[in-house]
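Trainee: Below you will find the structure I want to go over with you.
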Amino acid sequence: MKTQEIVIESGRSERHYWRDLWRNRELLLILSMRDISVRYKQSALGISWSLIRPLTTMLIMVFVFSKVAKLPADPGVPYPLMVLAGLTVWTFFSNAFTQVSSSITVNANLVTKVYFPRLIMPMSSVMVSFLDFLISLALFVLFAVWYQVSPDWHLLFLPVFILLALLASFAFGLFFAVLNVRFRDVGQLIPFLVQIGFYACPIAYSSRLVADERWYSLYMLNPLVGIIDGFRWSLLGGKAFFNPQSVLASVLIVGICLILALYFFRKRENTFVDDI
């Protein structure tokens, strides 16, 4: 049986941080499984909530935005499928972002007692949200079969946009995770930001409706626009509106934010114990 010896000394965590992160990969799995079990523990419906929430939200949005507000879908695309595709990837992003933002404070007992790379806690939060995402994606497949919409070669790009959504939630969540340790008001701000983002992103409407507006270039600076449009385009094919320039903006913004977030997190990581 192999054993590992970790020596606590000044500067060691900075020199061997990424190696320690790899050594503690089993802890990542343990924390992920713990978070999954805690989420659905003593729940009568259990994992079924991952189907009920998006289904209920989709039905309400279809009624409000399609029947009442009369917003059109992309030509040739069923409105419920357009909404469900956008809702699936947005829910993945918003859940992962929220959980990553609170991952340090939720695990305060571990932070103050045991040494391990703190980056494991935000990473485990993303894993939990990814499971919910897979279940929601299965719901989309059922509706696609119902509407007789079959995928084509665009589906090959689906992993790219899933990865972009994951990295975006992780990057933005890391910033707020650090701030949330120092300023607990951030925990009250996060649901408000998620609510605003829901209406600022093309979930209930197609970006085609604003593509001719003068402020469309500013609209594309929202990294979720390119991710949602690309995700929808991958699932629904060429009938769904898609502007490749929005994806370039998403990749650039998410990449820069991820680098800055990792630097900021590593810079403040050693102060977590004092602030908690």
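To be explicit about the labels: the chains of the structure tokens are called A, B, and onward in the order shown, and within each one the residues are counted from 1, while ligands get numbers from 1 in the order they are shown.
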In segment 10-122 of chain A, what's alpha helix (DSSP H) per DSSP? Answer as a PyMOL selection string?
Mentor: chain A and resi 12-15+17-23+25-40+49-61+79-101+103-106+108-111+120-122
Trainee: Identify which of the residues A:Phe170, A:Leu164, A:Phe175, A:Arg232 lies closest to Ser250 of chain A, counting only C-alpha atoms when measuring atom-to-atom distances.
Mentor: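 Under the stated criterion, the closest residue is A:Leu164.
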Trainee: Please list as a list in words every residue within 7 Å of Val83 of chain A, counting only C-alpha atoms and excluding residues in the same chain fewer than 3 positions away.
Mentor: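 The residues that qualify are Met58, Tyr79, Pro80, Gly86, Leu87, Ile203 and Ala204 of chain A.
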Trainee: Name the closest residue to Thr88 of chain A among the candidates A:Trp22, A:Tyr147, A:Phe231, A:Tyr205; distances are taken between atoms, counting only C-alpha atoms.
Mentor: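 With only C-alpha atoms as the atom set, the closest residue is A:Phe231.
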Trainee: For segment 180-186 of chain A, work out the shell of residues within 12 Å, counting only C-alpha atoms and skipping chain neighbours fewer than 6 positions away, then give it as a PyMOL selection string.
Mentor: chain A and resi 98-108+111+173-174+192-193+265+268-276
Trainee: Output C-alpha atoms for every residue in the selection just made, as a compact mmCIF listing (two decimals), in the first residue's frame.
Mentor:
# COMPACT_ATOMS: atom_id res chain seq x y z
CA THR A 98 -23.59 29.69 -7.87
CA GLN A 99 -22.07 26.58 -6.30
CA VAL A 100 -18.49 27.52 -7.15
CA SER A 101 -19.07 30.97 -5.65
CA SER A 102 -20.14 29.45 -2.32
CA SER A 103 -17.80 26.43 -2.34
CA ILE A 104 -15.23 27.87 0.08
CA THR A 105 -17.69 29.15 2.69
CA VAL A 106 -19.76 25.95 2.54
CA ASN A 107 -16.63 23.89 3.24
CA ALA A 108 -15.30 26.22 5.94
CA VAL A 111 -10.54 24.91 5.14
CA GLY A 173 -17.32 31.59 -9.84
CA LEU A 174 -13.70 31.68 -8.64
CA PHE A 192 -29.50 38.77 -8.15
CA LEU A 193 -26.79 38.56 -10.82
CA PHE A 265 -7.65 32.68 -6.21
CA ARG A 268 -5.82 35.03 -1.77
CA GLU A 269 -5.96 31.32 -0.95
CA ASN A 270 -3.67 31.54 2.06
CA THR A 271 -5.91 34.18 3.67
CA PHE A 272 -9.06 32.02 3.65
CA VAL A 273 -8.45 30.63 7.14
CA ASP A 274 -8.08 34.11 8.63
CA ASP A 275 -11.16 35.52 6.89
CA ILE A 276 -13.39 32.54 7.71
Trainee: Just the number, please: distance in Å from atom CA of Val145 of chain A to atom CA of Leu81 of chain A, one decimal.
Mentor: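 Result for atom CA of Val145 of chain A versus atom CA of Leu81 of chain A: 10.5 Å, one decimal.
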Trainee: Quick one: residues within 12 Å of segment 199-202 of chain A, only C-alpha atoms counted, chain neighbours fewer than 4 positions away excluded, as an MDAnalysis selection string?
Mentor: chainID A and resid 61 65 71 73:74 82:87 89:91 93:94 192:195 206:211 218:232 240:242
Trainee: Can you tell me, as a list in words, what residues are no more than 10 Å from Arg266 of chain A when counting only C-alpha atoms, ignoring any on the same chain fewer than 2 positions away?
Mentor: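 Using only C-alpha atoms, the neighbours found are Glu14, Tyr17, Pro117, Arg118, Leu119, Val178, Leu260, Ala261, Leu262, Tyr263, Phe264, Arg268, Glu269, Asn270 and Thr271 of chain A.
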Trainee: Emit the selected residues as an mmCIF file, in the first residue's frame, including C-alpha atoms.
Mentor:
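Output (part_32.cif):
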data_model
loop_
_atom_site.group_PDB
_atom_site.id
_atom_site.type_symbol
_atom_site.label_atom_id
_atom_site.label_comp_id
_atom_site.auth_asym_id
_atom_site.auth_seq_id
_atom_site.Cartn_x
_atom_site.Cartn_y
_atom_site.Cartn_z
ATOM 1 C CA GLU A 14 3.462 27.573 -3.885
ATOM 2 C CA TYR A 17 0.688 23.368 -5.725
ATOM 3 C CA PRO A 117 -5.239 22.624 -2.516
ATOM 4 C CA ARG A 118 -8.366 24.720 -2.017
ATOM 5 C CA LEU A 119 -9.016 24.694 -5.751
ATOM 6 C CA VAL A 178 -12.753 34.623 -3.074
ATOM 7 C CA LEU A 260 -7.102 36.161 -13.933
ATOM 8 C CA ALA A 261 -9.438 34.139 -11.698
ATOM 9 C CA LEU A 262 -6.844 31.429 -11.093
ATOM 10 C CA TYR A 263 -4.226 34.059 -10.273
ATOM 11 C CA PHE A 264 -6.606 35.905 -7.935
ATOM 12 C CA ARG A 268 -5.823 35.030 -1.775
ATOM 13 C CA GLU A 269 -5.962 31.322 -0.955
ATOM 14 C CA ASN A 270 -3.670 31.543 2.058
ATOM 15 C CA THR A 271 -5.913 34.176 3.672
#
Trainee: Point out the residue among A:Val62, A:Leu131, A:Ile190, A:Leu139 with the least atom-to-atom distance to Asp35 of chain A, counting only C-alpha atoms.
Mentor: A:Leu131
Trainee: Out of A:Ile135, A:Val247, A:Val126, A:Leu179, which residue has the shortest atom-to-atom distance to Ala96 of chain A when counting only C-alpha atoms?
Mentor: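 Nearest to Ala96 of chain A: A:Val126.
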Trainee: Could you tell me how far atom CA of Pro122 of chain A sits from atom CA of Phe172 of chain A, in Å to one decimal place?
Mentor: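 Computed distance, atom CA of Phe172 of chain A to atom CA of Pro122 of chain A, equals 11.1 Å.
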